[in-house]
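File shown: input-v8.tsv. Contents: TSV, C-alpha atoms.
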```
chain	number	residue	atom	x	y	z
Z	55	MET	CA	0.00	0.00	0.00
Z	56	ALA	CA	1.02	3.61	-0.45
Z	57	ALA	CA	0.93	4.08	3.31
Z	58	ASP	CA	3.80	1.57	3.58
Z	59	ARG	CA	5.93	3.94	1.49
Z	60	GLY	CA	5.10	6.87	3.74
Z	61	VAL	CA	2.51	8.44	1.41
Z	62	LEU	CA	-1.16	8.32	2.41
Z	63	ARG	CA	-3.74	8.06	-0.36
Z	64	VAL	CA	-6.63	10.17	0.93
Z	65	VAL	CA	-10.20	10.83	-0.19
Z	66	PHE	CA	-11.68	14.09	1.15
Z	67	ALA	CA	-15.45	14.71	1.39
Z	68	GLU	CA	-16.85	18.19	2.05
Z	69	ASP	CA	-19.93	19.85	0.54
Z	70	ASN	CA	-18.73	23.44	1.06
Z	71	TYR	CA	-16.83	24.44	-2.07
Z	72	LEU	CA	-14.45	26.91	-0.42
Z	73	VAL	CA	-13.57	24.55	2.43
Z	74	ARG	CA	-13.14	21.68	0.01
Z	75	ARG	CA	-10.81	23.56	-2.33
Z	76	GLY	CA	-8.93	25.29	0.47
Z	77	THR	CA	-8.26	22.06	2.35
Z	78	ALA	CA	-7.28	20.34	-0.89
Z	79	ALA	CA	-4.77	23.11	-1.56
Z	80	LEU	CA	-3.27	22.72	1.92
Z	81	LEU	CA	-2.97	18.95	1.61
Z	82	ALA	CA	-1.42	19.30	-1.85
Z	83	GLU	CA	1.59	20.89	-0.13
Z	84	VAL	CA	2.10	17.90	2.19
Z	85	PRO	CA	4.57	15.31	0.87
Z	86	GLU	CA	3.07	12.57	3.06
Z	87	VAL	CA	-0.39	12.91	1.49
Z	88	GLU	CA	-1.69	12.15	-1.99
Z	89	LEU	CA	-5.24	13.48	-2.36
Z	90	VAL	CA	-6.75	11.01	-4.80
Z	91	ARG	CA	-10.39	12.19	-4.92
Z	92	LEU	CA	-12.65	14.99	-3.72
Z	93	ALA	CA	-16.31	14.26	-2.95
Z	94	GLU	CA	-19.24	16.55	-2.24
Z	95	GLU	CA	-21.74	14.13	-0.67
Z	96	PRO	CA	-21.90	10.64	0.90
Z	97	GLN	CA	-22.72	8.81	-2.34
Z	98	GLY	CA	-19.67	10.24	-4.06
Z	99	LEU	CA	-17.55	9.44	-1.01
Z	100	MET	CA	-18.62	5.81	-0.90
Z	101	ALA	CA	-18.13	5.45	-4.66
Z	102	ALA	CA	-14.58	6.81	-4.34
Z	103	VAL	CA	-13.78	4.42	-1.49
Z	104	GLU	CA	-15.16	1.47	-3.47
Z	105	GLU	CA	-13.14	2.40	-6.55
Z	106	LEU	CA	-9.86	3.59	-5.04
Z	107	GLU	CA	-9.51	1.76	-1.69
Z	108	PRO	CA	-7.70	4.75	-0.14
Z	109	ASP	CA	-5.53	4.55	2.97
Z	110	ALA	CA	-7.64	7.17	4.70
Z	111	VAL	CA	-10.79	9.24	4.36
Z	112	LEU	CA	-11.22	12.78	5.66
Z	113	THR	CA	-14.87	13.75	5.80
Z	114	ASP	CA	-17.16	16.44	7.15
Z	115	ILE	CA	-19.85	15.19	9.53
Z	116	ARG	CA	-22.69	17.28	8.10
Z	117	MET	CA	-23.33	16.70	4.41
Z	118	PRO	CA	-26.35	16.48	2.09
Z	119	PRO	CA	-29.12	15.57	2.12
Z	120	THR	CA	-29.95	16.29	5.80
Z	121	HIS	CA	-26.72	17.96	6.96
Z	122	SER	CA	-26.83	16.00	10.22
Z	123	THR	CA	-24.72	12.86	10.71
Z	124	GLU	CA	-23.99	11.70	7.16
Z	125	GLY	CA	-20.25	11.76	7.78
Z	126	ILE	CA	-20.53	9.59	10.88
Z	127	ASP	CA	-22.79	7.13	9.07
Z	128	ALA	CA	-20.32	6.97	6.19
Z	129	ALA	CA	-17.37	6.53	8.55
Z	130	ARG	CA	-18.94	3.58	10.32
Z	131	ARG	CA	-19.92	2.00	7.01
Z	132	ILE	CA	-16.44	2.45	5.60
Z	133	ARG	CA	-14.84	0.86	8.67
Z	134	ALA	CA	-17.24	-2.10	8.40
Z	135	GLU	CA	-16.88	-2.65	4.65
Z	136	HIS	CA	-13.30	-1.43	4.12
Z	137	PRO	CA	-11.39	-2.14	7.36
Z	138	GLY	CA	-8.11	-1.20	5.71
Z	139	THR	CA	-9.25	2.41	5.34
Z	140	GLY	CA	-8.99	4.76	8.32
Z	141	VAL	CA	-11.46	7.62	8.70
Z	142	VAL	CA	-11.14	11.05	10.32
Z	143	VAL	CA	-14.37	13.03	10.62
Z	144	LEU	CA	-14.42	16.81	10.95
Z	145	SER	CA	-16.95	18.89	12.86
Z	146	GLN	CA	-17.47	22.64	12.87
Z	147	TYR	CA	-18.59	22.60	16.49
Z	148	VAL	CA	-17.91	20.51	19.59
Z	149	GLU	CA	-20.68	17.90	19.72
Z	150	PRO	CA	-20.09	15.27	22.44
Z	151	GLN	CA	-22.87	13.06	21.11
Z	152	TYR	CA	-21.15	12.88	17.73
Z	153	ALA	CA	-18.08	11.37	19.40
Z	154	ARG	CA	-20.21	8.80	21.20
Z	155	ASP	CA	-22.01	7.88	17.99
Z	156	LEU	CA	-18.80	7.64	15.98
Z	157	PHE	CA	-17.04	5.36	18.48
Z	158	ALA	CA	-20.14	3.31	19.37
Z	159	ASP	CA	-18.88	0.18	17.58
Z	160	GLY	CA	-15.19	0.61	18.41
Z	161	VAL	CA	-12.46	3.22	18.14
Z	162	GLY	CA	-9.92	1.49	15.89
Z	163	GLY	CA	-9.23	3.35	12.66
Z	164	LEU	CA	-11.43	6.32	13.58
Z	165	GLY	CA	-10.72	9.93	14.46
Z	166	TYR	CA	-12.82	12.95	15.41
Z	167	LEU	CA	-11.34	16.43	14.99
Z	168	LEU	CA	-12.67	19.96	14.88
Z	169	LYS	CA	-12.42	21.73	11.52
Z	170	GLU	CA	-10.15	24.34	13.04
Z	171	ARG	CA	-7.46	21.64	13.13
Z	172	ILE	CA	-7.22	21.90	9.34
Z	173	ARG	CA	-5.06	24.99	9.89
Z	174	ASP	CA	-2.56	22.80	11.73
Z	175	VAL	CA	-1.66	20.54	8.82
Z	176	ASP	CA	0.91	18.60	10.85
Z	177	GLU	CA	-1.72	17.64	13.43
Z	178	LEU	CA	-4.19	16.69	10.71
Z	179	VAL	CA	-1.61	14.47	9.01
Z	180	ARG	CA	-0.75	12.82	12.34
Z	181	ALA	CA	-4.41	11.97	12.84
Z	182	LEU	CA	-4.65	10.50	9.34
Z	183	GLN	CA	-1.50	8.45	9.92
Z	184	GLU	CA	-2.83	7.20	13.24
Z	185	VAL	CA	-6.15	5.96	11.86
Z	186	CYS	CA	-4.32	4.31	8.94
Z	187	ARG	CA	-2.43	2.25	11.53
Z	188	GLY	CA	-5.69	1.22	13.16
Z	189	GLY	CA	-5.32	3.73	15.97
Z	190	SER	CA	-7.60	6.54	17.04
Z	191	ALA	CA	-7.59	10.32	17.26
Z	192	LEU	CA	-9.79	12.47	19.48
Z	193	ASP	CA	-9.67	16.25	19.49
Z	194	PRO	CA	-8.65	17.66	22.91
Z	195	LYS	CA	-11.50	20.17	22.79
Z	196	VAL	CA	-13.96	17.32	22.30
Z	197	VAL	CA	-12.49	15.64	25.38
Z	198	GLU	CA	-13.02	18.86	27.33
Z	199	ALA	CA	-16.63	19.02	26.17
Z	200	LEU	CA	-17.24	15.40	27.12
Z	201	MET	CA	-15.82	16.12	30.56
Z	202	ALA	CA	-18.22	19.03	30.98
Z	203	ASP	CA	-21.18	17.06	29.70
Z	204	ARG	CA	-23.16	15.59	32.58
Z	205	SER	CA	-25.41	13.18	30.73
Z	206	ALA	CA	-23.60	10.39	32.57
Z	207	ARG	CA	-24.93	6.89	33.07
Z	208	GLY	CA	-23.30	6.46	36.45
Z	209	PRO	CA	-19.91	5.36	37.83
Z	210	SER	CA	-20.39	1.57	37.56
Z	211	ALA	CA	-17.65	1.10	34.94
Z	212	LEU	CA	-15.09	2.63	37.30
Z	213	THR	CA	-16.00	1.02	40.61
Z	214	GLY	CA	-13.07	-1.40	40.40
Z	215	LEU	CA	-10.47	1.36	40.11
Z	216	THR	CA	-8.51	2.75	43.03
Z	217	GLY	CA	-8.57	6.45	43.79
Z	218	ARG	CA	-5.09	6.88	42.33
Z	219	GLU	CA	-6.09	5.01	39.15
Z	220	VAL	CA	-9.14	7.23	38.72
Z	221	GLU	CA	-6.96	10.30	39.09
Z	222	VAL	CA	-4.53	8.99	36.45
Z	223	LEU	CA	-7.49	8.35	34.16
Z	224	ARG	CA	-8.75	11.88	34.83
Z	225	GLN	CA	-5.34	13.21	33.77
Z	226	MET	CA	-5.44	11.07	30.61
Z	227	ALA	CA	-8.83	12.59	29.78
Z	228	THR	CA	-7.25	16.02	29.56
Z	229	GLY	CA	-4.95	14.76	26.82
Z	230	ARG	CA	-1.79	14.55	28.95
Z	231	GLY	CA	0.89	12.01	28.13
Z	232	ASN	CA	2.62	9.85	30.72
Z	233	SER	CA	5.43	12.30	31.49
Z	234	ALA	CA	2.99	15.18	32.00
Z	235	ILE	CA	0.81	13.01	34.24
Z	236	ALA	CA	3.87	12.07	36.28
Z	237	ARG	CA	4.81	15.72	36.80
Z	238	SER	CA	1.26	16.72	37.68
Z	239	MET	CA	0.82	13.92	40.24
Z	240	TYR	CA	4.41	13.97	41.57
Z	241	LEU	CA	4.96	10.37	40.51
Z	242	SER	CA	7.62	8.60	38.52
Z	243	GLU	CA	6.80	7.75	34.93
Z	244	ARG	CA	7.17	4.09	35.83
Z	245	ALA	CA	4.51	4.47	38.52
Z	246	VAL	CA	2.19	6.17	36.02
Z	247	GLU	CA	2.76	3.34	33.54
Z	248	LYS	CA	1.82	0.80	36.22
Z	249	HIS	CA	-1.38	2.67	37.10
Z	250	ILE	CA	-2.34	2.95	33.42
Z	251	SER	CA	-1.71	-0.75	32.87
Z	252	ALA	CA	-3.96	-1.50	35.85
Z	253	VAL	CA	-6.67	0.76	34.42
Z	254	PHE	CA	-6.50	-0.99	31.05
Z	255	SER	CA	-6.67	-4.39	32.70
Z	256	LYS	CA	-9.62	-3.52	34.97
Z	257	LEU	CA	-11.56	-1.99	32.07
Z	258	GLY	CA	-10.95	-5.10	29.97
Z	259	LEU	CA	-8.80	-3.33	27.37
Z	260	ALA	CA	-5.76	-5.59	27.40
Z	261	ALA	CA	-6.20	-6.73	23.79
Z	262	GLU	CA	-6.37	-3.26	22.25
Z	263	SER	CA	-3.44	-1.22	20.92
Z	264	ASP	CA	-2.03	1.39	23.31
Z	265	MET	CA	-3.59	4.36	21.51
Z	266	ASN	CA	-6.98	2.65	21.28
Z	267	ARG	CA	-6.87	1.68	24.94
Z	268	ARG	CA	-6.21	5.29	25.96
Z	269	VAL	CA	-9.15	6.54	23.88
Z	270	VAL	CA	-11.54	3.84	25.09
Z	271	ALA	CA	-10.47	4.32	28.70
Z	272	VAL	CA	-11.04	8.07	28.45
Z	273	LEU	CA	-14.45	7.59	26.82
Z	274	THR	CA	-15.40	5.10	29.55
Z	275	PHE	CA	-14.34	7.59	32.20
Z	276	LEU	CA	-16.28	10.45	30.60
Z	277	GLU	CA	-19.38	8.34	30.02
Z	278	ALA	CA	-19.30	7.35	33.70
Z	279	GLY	CA	-19.43	10.95	34.77
Z	280	GLY	CA	-15.75	11.84	34.72
```
Before anything else, please render the file you have as structure tokens.
Amino acid sequence: MAADRGVLRVVFAEDNYLVRRGTAALLAEVPEVELVRLAEEPQGLMAAVEELEPDAVLTDIRMPPTHSTEGIDAARRIRAEHPGTGVVVLSQYVEPQYARDLFADGVGGLGYLLKERIRDVDELVRALQEVCRGGSALDPKVVEALMADRSARGPSALTGLTGREVEVLRQMATGRGNSAIARSMYLSERAVEKHISAVFSKLGLAAESDMNRRVVAVLTFLEAGG
């Protein structure tokens, strides 16, 4: 695949002409990305995926005909029918429910970013590379919104965690890496790694990749009331 040579073959779907052309122009300047098709609506997106089998898809969430969740529906379908293609969906606004809907069937190969991230091409490319590897990407601002959202089901998923493990998980939910968590909690990085391993084990995430486990653990924490 092209991804093995360091170049990602990407299909981009966006119904707004200016956003579509502007983003295409930005990606055209990135050596790691080959933009192989532009689409304006879900049907064109799915046709491009069927024909080209791209490494990754970048798609807006709201597209014709209803401008609601077409991008999420397409992303989940693509992951089911073309598991070798990663998908990053873009949203104009922070919508916690969109993240829940997108990751409802699993997080592998999926990413959710705000459209403002397009300006940071390096971050956008990192997200595309991550989903191509079967990992996940979740916008830090979406994490913040999920933390503030109190439509929680209750803390049952976290009852087996110690207080220190919950605090480590809380730090993970803010997007901090292990070294930052260690500094914040006055722990060694090795101690943080042990707590995170315990969290993964108690949440039943031992079989997932490290990036996927972090995303699932954070989503579990936020769904439980965070």
Task: Residues near segment 61-72 of chain Z, cut-off 8 Å, all atoms listed in the file, skip fewer than 4 positions along chain, as a ChimeraX atom specification - done: /Z:56-57,76,78,85-96,99,102-103,108-114,117-118,183
Given the selection you just returned, output its residues as a file containing C-alpha atoms, formatted as a PDB file, in the coordinates of the input.
```
ATOM      1  CA  ALA Z  56       1.020   3.610  -0.450  1.00  0.00           C
ATOM      2  CA  ALA Z  57       0.930   4.080   3.310  1.00  0.00           C
ATOM      3  CA  GLY Z  76      -8.930  25.290   0.470  1.00  0.00           C
ATOM      4  CA  ALA Z  78      -7.280  20.340  -0.890  1.00  0.00           C
ATOM      5  CA  PRO Z  85       4.570  15.310   0.870  1.00  0.00           C
ATOM      6  CA  GLU Z  86       3.070  12.570   3.060  1.00  0.00           C
ATOM      7  CA  VAL Z  87      -0.390  12.910   1.490  1.00  0.00           C
ATOM      8  CA  GLU Z  88      -1.690  12.150  -1.990  1.00  0.00           C
ATOM      9  CA  LEU Z  89      -5.240  13.480  -2.360  1.00  0.00           C
ATOM     10  CA  VAL Z  90      -6.750  11.010  -4.800  1.00  0.00           C
ATOM     11  CA  ARG Z  91     -10.390  12.190  -4.920  1.00  0.00           C
ATOM     12  CA  LEU Z  92     -12.650  14.990  -3.720  1.00  0.00           C
ATOM     13  CA  ALA Z  93     -16.310  14.260  -2.950  1.00  0.00           C
ATOM     14  CA  GLU Z  94     -19.240  16.550  -2.240  1.00  0.00           C
ATOM     15  CA  GLU Z  95     -21.740  14.130  -0.670  1.00  0.00           C
ATOM     16  CA  PRO Z  96     -21.900  10.640   0.900  1.00  0.00           C
ATOM     17  CA  LEU Z  99     -17.550   9.440  -1.010  1.00  0.00           C
ATOM     18  CA  ALA Z 102     -14.580   6.810  -4.340  1.00  0.00           C
ATOM     19  CA  VAL Z 103     -13.780   4.420  -1.490  1.00  0.00           C
ATOM     20  CA  PRO Z 108      -7.700   4.750  -0.140  1.00  0.00           C
ATOM     21  CA  ASP Z 109      -5.530   4.550   2.970  1.00  0.00           C
ATOM     22  CA  ALA Z 110      -7.640   7.170   4.700  1.00  0.00           C
ATOM     23  CA  VAL Z 111     -10.790   9.240   4.360  1.00  0.00           C
ATOM     24  CA  LEU Z 112     -11.220  12.780   5.660  1.00  0.00           C
ATOM     25  CA  THR Z 113     -14.870  13.750   5.800  1.00  0.00           C
ATOM     26  CA  ASP Z 114     -17.160  16.440   7.150  1.00  0.00           C
ATOM     27  CA  MET Z 117     -23.330  16.700   4.410  1.00  0.00           C
ATOM     28  CA  PRO Z 118     -26.350  16.480   2.090  1.00  0.00           C
ATOM     29  CA  GLN Z 183      -1.500   8.450   9.920  1.00  0.00           C
TER      30      GLN Z 183
END
```
- [ ] For atom CA of Leu212 of chain Z and atom CA of Arg130 of chain Z, quote the distance in Å rounded to one decimal.
- [x] 27.3 Å
Open item on the list: When you count all atoms listed in the file, which of these residues is closest to Glu83 of chain Z: Z:Ala129, Z:Leu106, Z:Leu156, Z:Val179?
Closed with: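 Under the stated criterion, the closest residue is Z:Val179.
Put simply, atom CA of Ile250 of chain Z is 7.1 Å away from atom CA of Val222 of chain Z.
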Open item on the list: List as a PyMOL selection string the protein and nucleic acid residues near Leu164 of chain Z, meaning an atom at most 7 Å away when only C-alpha atoms are counted, but skip any in the same chain fewer than 6 places from it.
Closed with: chain Z and resi 140-142+185+190-191
Task: Counting all atoms listed in the file, the option among Z:Ile235, Z:Leu81, Z:Gly98, Z:Leu241 closest to Asp174 of chain Z - done: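 Distance minimum relative to Asp174 of chain Z lands on Z:Leu81.
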Open item on the list: Using all atoms listed in the file, can you tell me which of Z:Val246, Z:Ala234, Z:Leu168, Z:Ala82 comes closest to Leu192 of chain Z?
Closed with: Z:Leu168
TODO: For atom CA of Gly217 of chain Z and atom CA of Glu243 of chain Z, determine how far apart the two atoms are, in Å to one decimal place.
DONE: 17.8 Å
Kindly list the centre and edge lengths in Å, rounded to one decimal, for the axis-aligned box that covers all listed atoms of segment 82-85 of chain Z plus 4 Å on each of its six sides, as lines of an AutoDock Vina configuration file.
```
center_x = 1.6
center_y = 18.1
center_z = 0.2
size_x = 14.0
size_y = 13.6
size_z = 12.0
```
Task: Residues within 10 Å of Val269 of chain Z, all atoms listed in the file, excluding chain neighbours under 4 positions, as a list in words - done: Phe157, Val161, Gly162, Gly189, Ser190, Ala191, Leu192, Val197, Met226, Ala227, Gly229, Asp264, Met265, Leu273, Thr274 and Phe275 of chain Z
